[in-house]
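Trainee: Enclosed is the structure file model23.cif (mmCIF, N, CA and C atoms).
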```
data_entry
loop_
_atom_site.label_atom_id
_atom_site.label_comp_id
_atom_site.auth_asym_id
_atom_site.auth_seq_id
_atom_site.Cartn_x
_atom_site.Cartn_y
_atom_site.Cartn_z
N MET A 1 -18.64 -51.36 -12.27
CA MET A 1 -17.43 -51.36 -11.49
C MET A 1 -17.51 -50.22 -10.48
N ASN A 2 -17.20 -50.50 -9.22
CA ASN A 2 -17.28 -49.45 -8.21
C ASN A 2 -15.95 -48.70 -8.12
N ALA A 3 -15.92 -47.62 -7.30
CA ALA A 3 -14.75 -46.75 -7.21
C ALA A 3 -13.57 -47.47 -6.59
N GLU A 4 -13.82 -48.39 -5.65
CA GLU A 4 -12.72 -49.11 -5.00
C GLU A 4 -12.03 -50.02 -6.01
N ALA A 5 -12.80 -50.64 -6.87
CA ALA A 5 -12.21 -51.54 -7.86
C ALA A 5 -11.40 -50.75 -8.88
N VAL A 6 -11.87 -49.58 -9.26
CA VAL A 6 -11.14 -48.74 -10.20
C VAL A 6 -9.84 -48.28 -9.56
N GLY A 7 -9.89 -47.87 -8.28
CA GLY A 7 -8.70 -47.42 -7.57
C GLY A 7 -7.70 -48.55 -7.37
N ALA A 8 -8.19 -49.77 -7.18
CA ALA A 8 -7.31 -50.91 -6.96
C ALA A 8 -6.60 -51.30 -8.25
N ASP A 9 -7.23 -51.09 -9.39
CA ASP A 9 -6.64 -51.46 -10.67
C ASP A 9 -5.55 -50.47 -11.11
N ARG A 10 -5.53 -49.27 -10.55
CA ARG A 10 -4.56 -48.25 -10.97
C ARG A 10 -3.24 -48.46 -10.24
N SER A 11 -2.15 -48.17 -10.94
CA SER A 11 -0.84 -48.35 -10.34
C SER A 11 -0.51 -47.14 -9.46
N LEU A 12 0.52 -47.27 -8.66
CA LEU A 12 0.95 -46.19 -7.78
C LEU A 12 1.34 -44.96 -8.59
N GLY A 13 2.00 -45.18 -9.70
CA GLY A 13 2.40 -44.06 -10.57
C GLY A 13 1.20 -43.31 -11.11
N GLN A 14 0.16 -44.07 -11.50
CA GLN A 14 -1.05 -43.42 -12.01
C GLN A 14 -1.73 -42.61 -10.90
N LEU A 15 -1.75 -43.15 -9.69
CA LEU A 15 -2.36 -42.43 -8.57
C LEU A 15 -1.60 -41.14 -8.26
N VAL A 16 -0.26 -41.24 -8.27
CA VAL A 16 0.55 -40.04 -8.01
C VAL A 16 0.33 -39.02 -9.12
N ALA A 17 0.27 -39.47 -10.37
CA ALA A 17 0.05 -38.55 -11.49
C ALA A 17 -1.32 -37.87 -11.38
N THR A 18 -2.32 -38.62 -10.99
CA THR A 18 -3.67 -38.05 -10.81
C THR A 18 -3.68 -37.04 -9.67
N ALA A 19 -3.04 -37.41 -8.56
CA ALA A 19 -2.99 -36.49 -7.42
C ALA A 19 -2.24 -35.22 -7.79
N THR A 20 -1.15 -35.34 -8.53
CA THR A 20 -0.38 -34.17 -8.95
C THR A 20 -1.22 -33.29 -9.87
N ALA A 21 -1.92 -33.88 -10.80
CA ALA A 21 -2.76 -33.12 -11.72
C ALA A 21 -3.88 -32.39 -10.97
N GLU A 22 -4.50 -33.10 -10.02
CA GLU A 22 -5.57 -32.47 -9.25
C GLU A 22 -5.03 -31.34 -8.36
N MET A 23 -3.84 -31.53 -7.79
CA MET A 23 -3.23 -30.49 -6.97
C MET A 23 -2.90 -29.27 -7.83
N SER A 24 -2.39 -29.53 -9.03
CA SER A 24 -2.07 -28.44 -9.96
C SER A 24 -3.33 -27.66 -10.32
N ALA A 25 -4.41 -28.37 -10.59
CA ALA A 25 -5.68 -27.71 -10.93
C ALA A 25 -6.20 -26.91 -9.75
N LEU A 26 -6.06 -27.45 -8.55
CA LEU A 26 -6.49 -26.74 -7.34
C LEU A 26 -5.70 -25.45 -7.16
N VAL A 27 -4.38 -25.53 -7.30
CA VAL A 27 -3.54 -24.34 -7.17
C VAL A 27 -3.91 -23.32 -8.24
N HIS A 28 -4.14 -23.80 -9.46
CA HIS A 28 -4.52 -22.89 -10.55
C HIS A 28 -5.84 -22.19 -10.24
N ASP A 29 -6.79 -22.94 -9.72
CA ASP A 29 -8.09 -22.35 -9.37
C ASP A 29 -7.95 -21.34 -8.22
N GLU A 30 -7.09 -21.64 -7.25
CA GLU A 30 -6.87 -20.72 -6.14
C GLU A 30 -6.25 -19.42 -6.64
N ILE A 31 -5.31 -19.51 -7.57
CA ILE A 31 -4.68 -18.31 -8.14
C ILE A 31 -5.71 -17.51 -8.91
N ALA A 32 -6.56 -18.18 -9.68
CA ALA A 32 -7.61 -17.48 -10.43
C ALA A 32 -8.57 -16.77 -9.48
N LEU A 33 -8.92 -17.41 -8.37
CA LEU A 33 -9.79 -16.78 -7.39
C LEU A 33 -9.13 -15.55 -6.78
N ALA A 34 -7.85 -15.67 -6.45
CA ALA A 34 -7.11 -14.53 -5.87
C ALA A 34 -7.06 -13.37 -6.86
N LYS A 35 -6.84 -13.68 -8.14
CA LYS A 35 -6.81 -12.62 -9.17
C LYS A 35 -8.16 -11.92 -9.26
N ALA A 36 -9.23 -12.69 -9.24
CA ALA A 36 -10.57 -12.10 -9.33
C ALA A 36 -10.85 -11.20 -8.13
N GLU A 37 -10.47 -11.66 -6.94
CA GLU A 37 -10.69 -10.84 -5.75
C GLU A 37 -9.86 -9.56 -5.81
N LEU A 38 -8.62 -9.66 -6.28
CA LEU A 38 -7.77 -8.48 -6.40
C LEU A 38 -8.34 -7.49 -7.41
N ARG A 39 -8.87 -8.00 -8.52
CA ARG A 39 -9.47 -7.11 -9.51
C ARG A 39 -10.62 -6.32 -8.90
N GLN A 40 -11.45 -6.99 -8.11
CA GLN A 40 -12.57 -6.30 -7.46
C GLN A 40 -12.06 -5.25 -6.49
N ASP A 41 -11.03 -5.59 -5.70
CA ASP A 41 -10.49 -4.64 -4.74
C ASP A 41 -9.86 -3.44 -5.43
N VAL A 42 -9.15 -3.69 -6.53
CA VAL A 42 -8.54 -2.59 -7.28
C VAL A 42 -9.62 -1.69 -7.86
N LYS A 43 -10.69 -2.28 -8.38
CA LYS A 43 -11.78 -1.49 -8.95
C LYS A 43 -12.42 -0.62 -7.86
N ARG A 44 -12.67 -1.22 -6.69
CA ARG A 44 -13.26 -0.44 -5.59
C ARG A 44 -12.32 0.68 -5.16
N GLY A 45 -11.03 0.37 -5.09
CA GLY A 45 -10.05 1.38 -4.71
C GLY A 45 -9.98 2.52 -5.71
N ALA A 46 -10.07 2.18 -6.99
CA ALA A 46 -10.03 3.22 -8.03
C ALA A 46 -11.26 4.11 -7.95
N ILE A 47 -12.41 3.51 -7.73
CA ILE A 47 -13.64 4.30 -7.61
C ILE A 47 -13.57 5.20 -6.37
N GLY A 48 -13.07 4.64 -5.26
CA GLY A 48 -12.92 5.44 -4.04
C GLY A 48 -11.93 6.57 -4.23
N GLY A 49 -10.82 6.29 -4.92
CA GLY A 49 -9.82 7.32 -5.19
C GLY A 49 -10.37 8.43 -6.07
N ALA A 50 -11.14 8.05 -7.08
CA ALA A 50 -11.75 9.05 -7.96
C ALA A 50 -12.75 9.90 -7.18
N ALA A 51 -13.54 9.26 -6.31
CA ALA A 51 -14.54 10.00 -5.53
C ALA A 51 -13.87 11.00 -4.59
N ILE A 52 -12.79 10.60 -3.93
CA ILE A 52 -12.12 11.51 -3.00
C ILE A 52 -11.43 12.63 -3.77
N THR A 53 -10.92 12.34 -4.95
CA THR A 53 -10.29 13.38 -5.77
C THR A 53 -11.32 14.42 -6.19
N ILE A 54 -12.47 13.96 -6.64
CA ILE A 54 -13.54 14.89 -7.05
C ILE A 54 -14.02 15.70 -5.85
N ALA A 55 -14.14 15.06 -4.69
CA ALA A 55 -14.54 15.79 -3.49
C ALA A 55 -13.51 16.86 -3.14
N GLY A 56 -12.24 16.54 -3.28
CA GLY A 56 -11.19 17.52 -3.02
C GLY A 56 -11.25 18.70 -3.99
N VAL A 57 -11.54 18.41 -5.25
CA VAL A 57 -11.66 19.49 -6.25
C VAL A 57 -12.83 20.40 -5.90
N PHE A 58 -13.97 19.81 -5.53
CA PHE A 58 -15.12 20.64 -5.14
C PHE A 58 -14.81 21.48 -3.91
N ALA A 59 -14.11 20.88 -2.93
CA ALA A 59 -13.74 21.64 -1.73
C ALA A 59 -12.79 22.79 -2.11
N LEU A 60 -11.87 22.53 -3.00
CA LEU A 60 -10.95 23.57 -3.45
C LEU A 60 -11.69 24.69 -4.18
N PHE A 61 -12.64 24.33 -5.02
CA PHE A 61 -13.43 25.34 -5.73
C PHE A 61 -14.32 26.14 -4.78
N SER A 62 -14.68 25.57 -3.65
CA SER A 62 -15.56 26.28 -2.71
C SER A 62 -14.80 27.32 -1.89
N LEU A 63 -13.48 27.22 -1.79
CA LEU A 63 -12.72 28.16 -0.97
C LEU A 63 -12.88 29.62 -1.41
N PRO A 64 -12.75 29.95 -2.69
CA PRO A 64 -12.95 31.36 -3.07
C PRO A 64 -14.36 31.86 -2.76
N VAL A 65 -15.35 31.01 -3.01
CA VAL A 65 -16.74 31.41 -2.76
C VAL A 65 -16.95 31.67 -1.27
N LEU A 66 -16.44 30.76 -0.44
CA LEU A 66 -16.58 30.94 1.01
C LEU A 66 -15.77 32.13 1.50
N SER A 67 -14.63 32.38 0.88
CA SER A 67 -13.82 33.55 1.26
C SER A 67 -14.58 34.84 0.96
N PHE A 68 -15.16 34.91 -0.22
CA PHE A 68 -15.96 36.09 -0.56
C PHE A 68 -17.15 36.24 0.37
N ALA A 69 -17.79 35.12 0.68
CA ALA A 69 -18.95 35.18 1.58
C ALA A 69 -18.53 35.68 2.96
N ALA A 70 -17.39 35.20 3.46
CA ALA A 70 -16.91 35.66 4.77
C ALA A 70 -16.57 37.14 4.73
N ALA A 71 -15.89 37.57 3.67
CA ALA A 71 -15.51 38.98 3.57
C ALA A 71 -16.74 39.88 3.47
N TYR A 72 -17.72 39.50 2.67
CA TYR A 72 -18.93 40.31 2.56
C TYR A 72 -19.76 40.25 3.85
N GLY A 73 -19.68 39.11 4.55
CA GLY A 73 -20.36 39.03 5.85
C GLY A 73 -19.75 39.99 6.85
N ILE A 74 -18.43 40.06 6.88
CA ILE A 74 -17.76 41.02 7.77
C ILE A 74 -18.09 42.44 7.34
N HIS A 75 -18.13 42.68 6.02
CA HIS A 75 -18.47 44.01 5.52
C HIS A 75 -19.88 44.42 5.96
N ASN A 76 -20.82 43.47 5.99
CA ASN A 76 -22.18 43.77 6.42
C ASN A 76 -22.25 44.13 7.90
N LEU A 77 -21.23 43.77 8.67
CA LEU A 77 -21.19 44.15 10.08
C LEU A 77 -20.76 45.61 10.26
N GLY A 78 -20.38 46.27 9.16
CA GLY A 78 -20.07 47.69 9.22
C GLY A 78 -18.62 48.01 8.93
N LEU A 79 -17.78 47.04 8.69
CA LEU A 79 -16.37 47.30 8.39
C LEU A 79 -16.23 47.54 6.89
N GLY A 80 -15.19 48.27 6.50
CA GLY A 80 -14.97 48.54 5.08
C GLY A 80 -14.67 47.26 4.32
N LEU A 81 -14.98 47.26 3.03
CA LEU A 81 -14.81 46.08 2.19
C LEU A 81 -13.34 45.64 2.12
N ALA A 82 -12.43 46.58 1.97
CA ALA A 82 -11.00 46.24 1.91
C ALA A 82 -10.55 45.58 3.21
N TRP A 83 -10.97 46.15 4.35
CA TRP A 83 -10.60 45.58 5.65
C TRP A 83 -11.21 44.18 5.82
N SER A 84 -12.39 43.98 5.30
CA SER A 84 -13.04 42.68 5.41
C SER A 84 -12.24 41.61 4.66
N PHE A 85 -11.82 41.94 3.43
CA PHE A 85 -11.02 40.99 2.66
C PHE A 85 -9.65 40.78 3.31
N LEU A 86 -9.08 41.81 3.87
CA LEU A 86 -7.80 41.69 4.56
C LEU A 86 -7.92 40.76 5.77
N ILE A 87 -8.99 40.89 6.52
CA ILE A 87 -9.21 40.02 7.69
C ILE A 87 -9.32 38.56 7.26
N VAL A 88 -10.06 38.31 6.18
CA VAL A 88 -10.20 36.93 5.70
C VAL A 88 -8.86 36.41 5.21
N GLY A 89 -8.10 37.20 4.49
CA GLY A 89 -6.78 36.78 4.01
C GLY A 89 -5.82 36.47 5.15
N VAL A 90 -5.81 37.35 6.17
CA VAL A 90 -4.94 37.13 7.33
C VAL A 90 -5.38 35.86 8.08
N ALA A 91 -6.68 35.63 8.16
CA ALA A 91 -7.17 34.41 8.83
C ALA A 91 -6.66 33.16 8.11
N PHE A 92 -6.66 33.18 6.78
CA PHE A 92 -6.12 32.05 6.03
C PHE A 92 -4.62 31.88 6.27
N LEU A 93 -3.88 33.02 6.32
CA LEU A 93 -2.44 32.93 6.58
C LEU A 93 -2.15 32.39 7.98
N VAL A 94 -2.95 32.79 8.97
CA VAL A 94 -2.76 32.28 10.33
C VAL A 94 -3.05 30.77 10.35
N LEU A 95 -4.12 30.36 9.69
CA LEU A 95 -4.44 28.94 9.62
C LEU A 95 -3.32 28.16 8.93
N ALA A 96 -2.78 28.69 7.84
CA ALA A 96 -1.68 28.04 7.13
C ALA A 96 -0.45 27.94 8.02
N GLY A 97 -0.16 29.01 8.78
CA GLY A 97 0.98 28.99 9.69
C GLY A 97 0.83 27.94 10.78
N LEU A 98 -0.36 27.83 11.35
CA LEU A 98 -0.60 26.82 12.39
C LEU A 98 -0.44 25.41 11.84
N LEU A 99 -0.96 25.19 10.65
CA LEU A 99 -0.81 23.87 10.02
C LEU A 99 0.66 23.57 9.69
N ALA A 100 1.42 24.59 9.27
CA ALA A 100 2.85 24.41 9.00
C ALA A 100 3.59 24.06 10.28
N LEU A 101 3.27 24.72 11.40
CA LEU A 101 3.90 24.38 12.68
C LEU A 101 3.57 22.95 13.10
N LEU A 102 2.34 22.55 12.90
CA LEU A 102 1.94 21.18 13.22
C LEU A 102 2.74 20.19 12.36
N ALA A 103 2.88 20.50 11.07
CA ALA A 103 3.61 19.62 10.16
C ALA A 103 5.08 19.51 10.58
N VAL A 104 5.69 20.64 10.92
CA VAL A 104 7.10 20.62 11.33
C VAL A 104 7.27 19.80 12.60
N SER A 105 6.37 19.96 13.56
CA SER A 105 6.49 19.18 14.80
C SER A 105 6.32 17.69 14.54
N LYS A 106 5.46 17.32 13.61
CA LYS A 106 5.28 15.91 13.28
C LYS A 106 6.49 15.37 12.51
N PHE A 107 7.08 16.18 11.61
CA PHE A 107 8.25 15.74 10.85
C PHE A 107 9.45 15.54 11.76
N LYS A 108 9.56 16.33 12.80
CA LYS A 108 10.68 16.19 13.74
C LYS A 108 10.59 14.88 14.51
N LYS A 109 9.41 14.33 14.66
CA LYS A 109 9.22 13.07 15.38
C LYS A 109 9.48 11.85 14.51
N VAL A 110 9.66 12.05 13.21
CA VAL A 110 9.91 10.94 12.30
C VAL A 110 11.35 10.46 12.51
N LYS A 111 11.51 9.16 12.75
CA LYS A 111 12.82 8.58 12.97
C LYS A 111 13.03 7.45 11.99
N PRO A 112 14.29 7.09 11.75
CA PRO A 112 14.54 5.97 10.85
C PRO A 112 14.03 4.67 11.47
N PRO A 113 13.73 3.69 10.65
CA PRO A 113 13.24 2.40 11.16
C PRO A 113 14.37 1.62 11.84
N GLU A 114 14.63 1.91 13.10
CA GLU A 114 15.79 1.36 13.80
C GLU A 114 15.74 -0.16 13.92
N ARG A 115 14.57 -0.71 14.21
CA ARG A 115 14.47 -2.16 14.35
C ARG A 115 14.75 -2.86 13.03
N SER A 116 14.23 -2.30 11.93
CA SER A 116 14.46 -2.91 10.62
C SER A 116 15.93 -2.84 10.23
N ILE A 117 16.57 -1.70 10.54
CA ILE A 117 17.98 -1.54 10.22
C ILE A 117 18.81 -2.54 11.03
N ALA A 118 18.49 -2.66 12.31
CA ALA A 118 19.22 -3.60 13.17
C ALA A 118 19.03 -5.04 12.68
N SER A 119 17.81 -5.38 12.30
CA SER A 119 17.53 -6.73 11.80
C SER A 119 18.29 -6.99 10.50
N ALA A 120 18.34 -5.99 9.62
CA ALA A 120 19.06 -6.16 8.36
C ALA A 120 20.56 -6.33 8.61
N LYS A 121 21.11 -5.58 9.59
CA LYS A 121 22.53 -5.72 9.92
C LYS A 121 22.82 -7.10 10.51
N GLU A 122 21.92 -7.61 11.35
CA GLU A 122 22.10 -8.95 11.92
C GLU A 122 22.08 -10.00 10.82
N THR A 123 21.14 -9.86 9.90
CA THR A 123 21.04 -10.81 8.79
C THR A 123 22.30 -10.77 7.94
N ALA A 124 22.78 -9.56 7.65
CA ALA A 124 24.00 -9.42 6.85
C ALA A 124 25.19 -10.04 7.57
N ALA A 125 25.28 -9.86 8.89
CA ALA A 125 26.38 -10.44 9.65
C ALA A 125 26.32 -11.97 9.62
N VAL A 126 25.12 -12.52 9.74
CA VAL A 126 24.98 -13.98 9.69
C VAL A 126 25.37 -14.50 8.32
N LEU A 127 24.91 -13.81 7.28
CA LEU A 127 25.21 -14.27 5.92
C LEU A 127 26.70 -14.14 5.60
N GLN A 128 27.38 -13.15 6.17
CA GLN A 128 28.81 -12.99 5.93
C GLN A 128 29.62 -14.07 6.63
N SER A 129 29.10 -14.56 7.75
CA SER A 129 29.83 -15.59 8.49
C SER A 129 29.65 -16.98 7.90
N VAL A 130 28.69 -17.15 7.02
CA VAL A 130 28.44 -18.45 6.41
C VAL A 130 29.48 -18.69 5.33
N LYS A 131 30.07 -19.85 5.37
CA LYS A 131 31.06 -20.21 4.35
C LYS A 131 30.38 -21.08 3.30
N PRO A 132 30.70 -20.89 2.04
CA PRO A 132 30.06 -21.70 1.00
C PRO A 132 30.50 -23.16 1.13
N HIS A 133 29.60 -24.03 0.77
CA HIS A 133 29.86 -25.47 0.80
C HIS A 133 30.74 -25.80 -0.39
N THR A 134 31.88 -26.41 -0.11
CA THR A 134 32.78 -26.76 -1.22
C THR A 134 32.39 -28.13 -1.75
N ARG A 135 32.39 -28.23 -3.05
CA ARG A 135 32.08 -29.50 -3.70
C ARG A 135 33.38 -30.17 -4.11
N ALA A 136 33.36 -31.44 -4.08
CA ALA A 136 34.53 -32.18 -4.53
C ALA A 136 34.65 -32.02 -6.04
N SER A 137 35.87 -31.84 -6.49
CA SER A 137 36.05 -31.67 -7.93
C SER A 137 35.79 -33.00 -8.63
N ARG A 138 35.57 -32.94 -9.92
CA ARG A 138 35.25 -34.14 -10.68
C ARG A 138 36.43 -35.12 -10.72
N ASP A 139 37.66 -34.58 -10.63
CA ASP A 139 38.82 -35.43 -10.69
C ASP A 139 38.92 -36.32 -9.46
N LYS A 140 38.49 -35.80 -8.32
CA LYS A 140 38.63 -36.52 -7.07
C LYS A 140 37.43 -37.44 -6.80
N MET A 141 36.38 -37.31 -7.59
CA MET A 141 35.19 -38.12 -7.36
C MET A 141 35.44 -39.54 -7.84
N PRO A 142 34.97 -40.51 -7.04
CA PRO A 142 35.13 -41.92 -7.49
C PRO A 142 34.23 -42.20 -8.68
N VAL A 143 34.70 -43.05 -9.54
CA VAL A 143 33.95 -43.37 -10.75
C VAL A 143 33.19 -44.63 -10.59
#
```
As structure tokens, how would this structure be written, given the file I've shared?
Mentor:
Amino acid sequence: MNAEAVGADRSLGQLVATATAEMSALVHDEIALAKAELRQDVKRGAIGGAAITIAGVFALFSLPVLSFAAAYGIHNLGLGLAWSFLIVGVAFLVLAGLLALLAVSKFKKVKPPERSIASAKETAAVLQSVKPHTRASRDKMPV
């Protein structure tokens, strides 16, 4: 028996049921594929996050060593050791101050999401103007 004969023998209900089952299986497979892709992306993101965290820790641990190296380097130029450490400390404070000024200037430029707020207000106004659809009560419905 060929495929056309098998398809001709099936009723419309059977064809719809088969199509529905196949569509359901397709959707299920698509969801499974999306889950697998998301798992891979989450794993990559976690590894990247761990790597950047470890890099940040190493950079943080290097600051005291580099500070001492800078202070002793200045001391080797002929300045006293206390003055050398003071110069390095003041340099860090100046750098921190400049970064704080940059942060404040950037924070001042932050504004509320005006377009989103306006859109939400428009949506709320439209929804408030909509009147609910009244249904006829059961008593008034014809039997």
Trainee: Report, in Å to a single decimal, how far apart CA of Leu63 in chain A and atom C of Val104 in chain A are.
Mentor: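 Pair atom C of Val104 in chain A / CA of Leu63 in chain A returns 25.6 Å.
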Trainee: Do you have the atom N of Ala70 in chain A-atom C of Ala103 in chain A distance handy?
Mentor: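 We find that atom N of Ala70 in chain A and atom C of Ala103 in chain A lie 28.3 Å from each other.
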Trainee: Give the centre and edge lengths of an axis-aligned box, in Å to one decimal, that holds all listed atoms of range 108-115 of chain A with 5 Å on each side, as lines of an AutoDock Vina configuration file.
Mentor:
```
center_x = 12.5
center_y = 6.7
center_z = 13.0
size_x = 16.6
size_y = 29.2
size_z = 14.7
```
Trainee: Taking only C-alpha atoms into account, name the residue in A:Ile117, A:Val88, A:Ala32, A:Leu26 that is nearest to Gly73 in chain A.
Mentor: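 The answer is A:Val88, which sits nearest to Gly73 in chain A.
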Trainee: Tell me, which residues of chain A carry DSSP helix (DSSP H, G or I), written as a PyMOL selection string?
Mentor: chain A and resi 3-9+12-76+81-108+114-129
Trainee: State, in Å with one decimal place, the distance from atom N of Ile74 in chain A to atom C of Ala91 in chain A.
Mentor: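 Computed distance, atom N of Ile74 in chain A to atom C of Ala91 in chain A, equals 13.7 Å.
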Trainee: Run the PyMOL selection byres ((chain A and resi 84) around 7) on the file and write out the hits as a list of chain:residue names.
Mentor: A:Ala70, A:Ala71, A:Tyr72, A:Ile74, A:His75, A:Leu79, A:Gly80, A:Leu81, A:Ala82, A:Trp83, A:Phe85, A:Leu86, A:Ile87, A:Val88, A:Gly89
Trainee: Please reconstruct the missing atoms of range 48-61 of chain A (target: N, CA, C and O atoms) and return them as a compact mmCIF listing (two decimals), in the coordinates of the input.
Mentor:
```txt
# COMPACT_ATOMS: atom_id res chain seq x y z
N GLY A 48 -13.07 4.64 -5.26
CA GLY A 48 -12.92 5.44 -4.04
C GLY A 48 -11.93 6.57 -4.23
O GLY A 48 -12.15 7.70 -3.78
N GLY A 49 -10.82 6.29 -4.92
CA GLY A 49 -9.82 7.32 -5.19
C GLY A 49 -10.37 8.43 -6.07
O GLY A 49 -10.12 9.62 -5.84
N ALA A 50 -11.14 8.05 -7.08
CA ALA A 50 -11.75 9.05 -7.96
C ALA A 50 -12.75 9.90 -7.18
O ALA A 50 -12.80 11.13 -7.35
N ALA A 51 -13.54 9.26 -6.31
CA ALA A 51 -14.54 10.00 -5.53
C ALA A 51 -13.87 11.00 -4.59
O ALA A 51 -14.31 12.15 -4.49
N ILE A 52 -12.79 10.60 -3.93
CA ILE A 52 -12.12 11.51 -3.00
C ILE A 52 -11.43 12.63 -3.77
O ILE A 52 -11.36 13.77 -3.29
N THR A 53 -10.92 12.34 -4.95
CA THR A 53 -10.29 13.38 -5.77
C THR A 53 -11.32 14.42 -6.19
O THR A 53 -11.08 15.62 -6.11
N ILE A 54 -12.47 13.96 -6.64
CA ILE A 54 -13.54 14.89 -7.05
C ILE A 54 -14.02 15.70 -5.85
O ILE A 54 -14.25 16.91 -5.96
N ALA A 55 -14.14 15.06 -4.69
CA ALA A 55 -14.54 15.79 -3.49
C ALA A 55 -13.51 16.86 -3.14
O ALA A 55 -13.88 17.99 -2.76
N GLY A 56 -12.24 16.54 -3.28
CA GLY A 56 -11.19 17.52 -3.02
C GLY A 56 -11.25 18.70 -3.99
O GLY A 56 -11.04 19.85 -3.59
N VAL A 57 -11.54 18.41 -5.25
CA VAL A 57 -11.66 19.49 -6.25
C VAL A 57 -12.83 20.40 -5.90
O VAL A 57 -12.72 21.63 -5.95
N PHE A 58 -13.97 19.81 -5.53
CA PHE A 58 -15.12 20.64 -5.14
C PHE A 58 -14.81 21.48 -3.91
O PHE A 58 -15.20 22.65 -3.83
N ALA A 59 -14.11 20.88 -2.93
CA ALA A 59 -13.74 21.64 -1.73
C ALA A 59 -12.79 22.79 -2.11
O ALA A 59 -12.93 23.90 -1.59
N LEU A 60 -11.87 22.53 -3.00
CA LEU A 60 -10.95 23.57 -3.45
C LEU A 60 -11.69 24.69 -4.18
O LEU A 60 -11.40 25.88 -3.97
N PHE A 61 -12.64 24.33 -5.02
CA PHE A 61 -13.43 25.34 -5.73
C PHE A 61 -14.32 26.14 -4.78
O PHE A 61 -14.68 27.28 -5.07
```
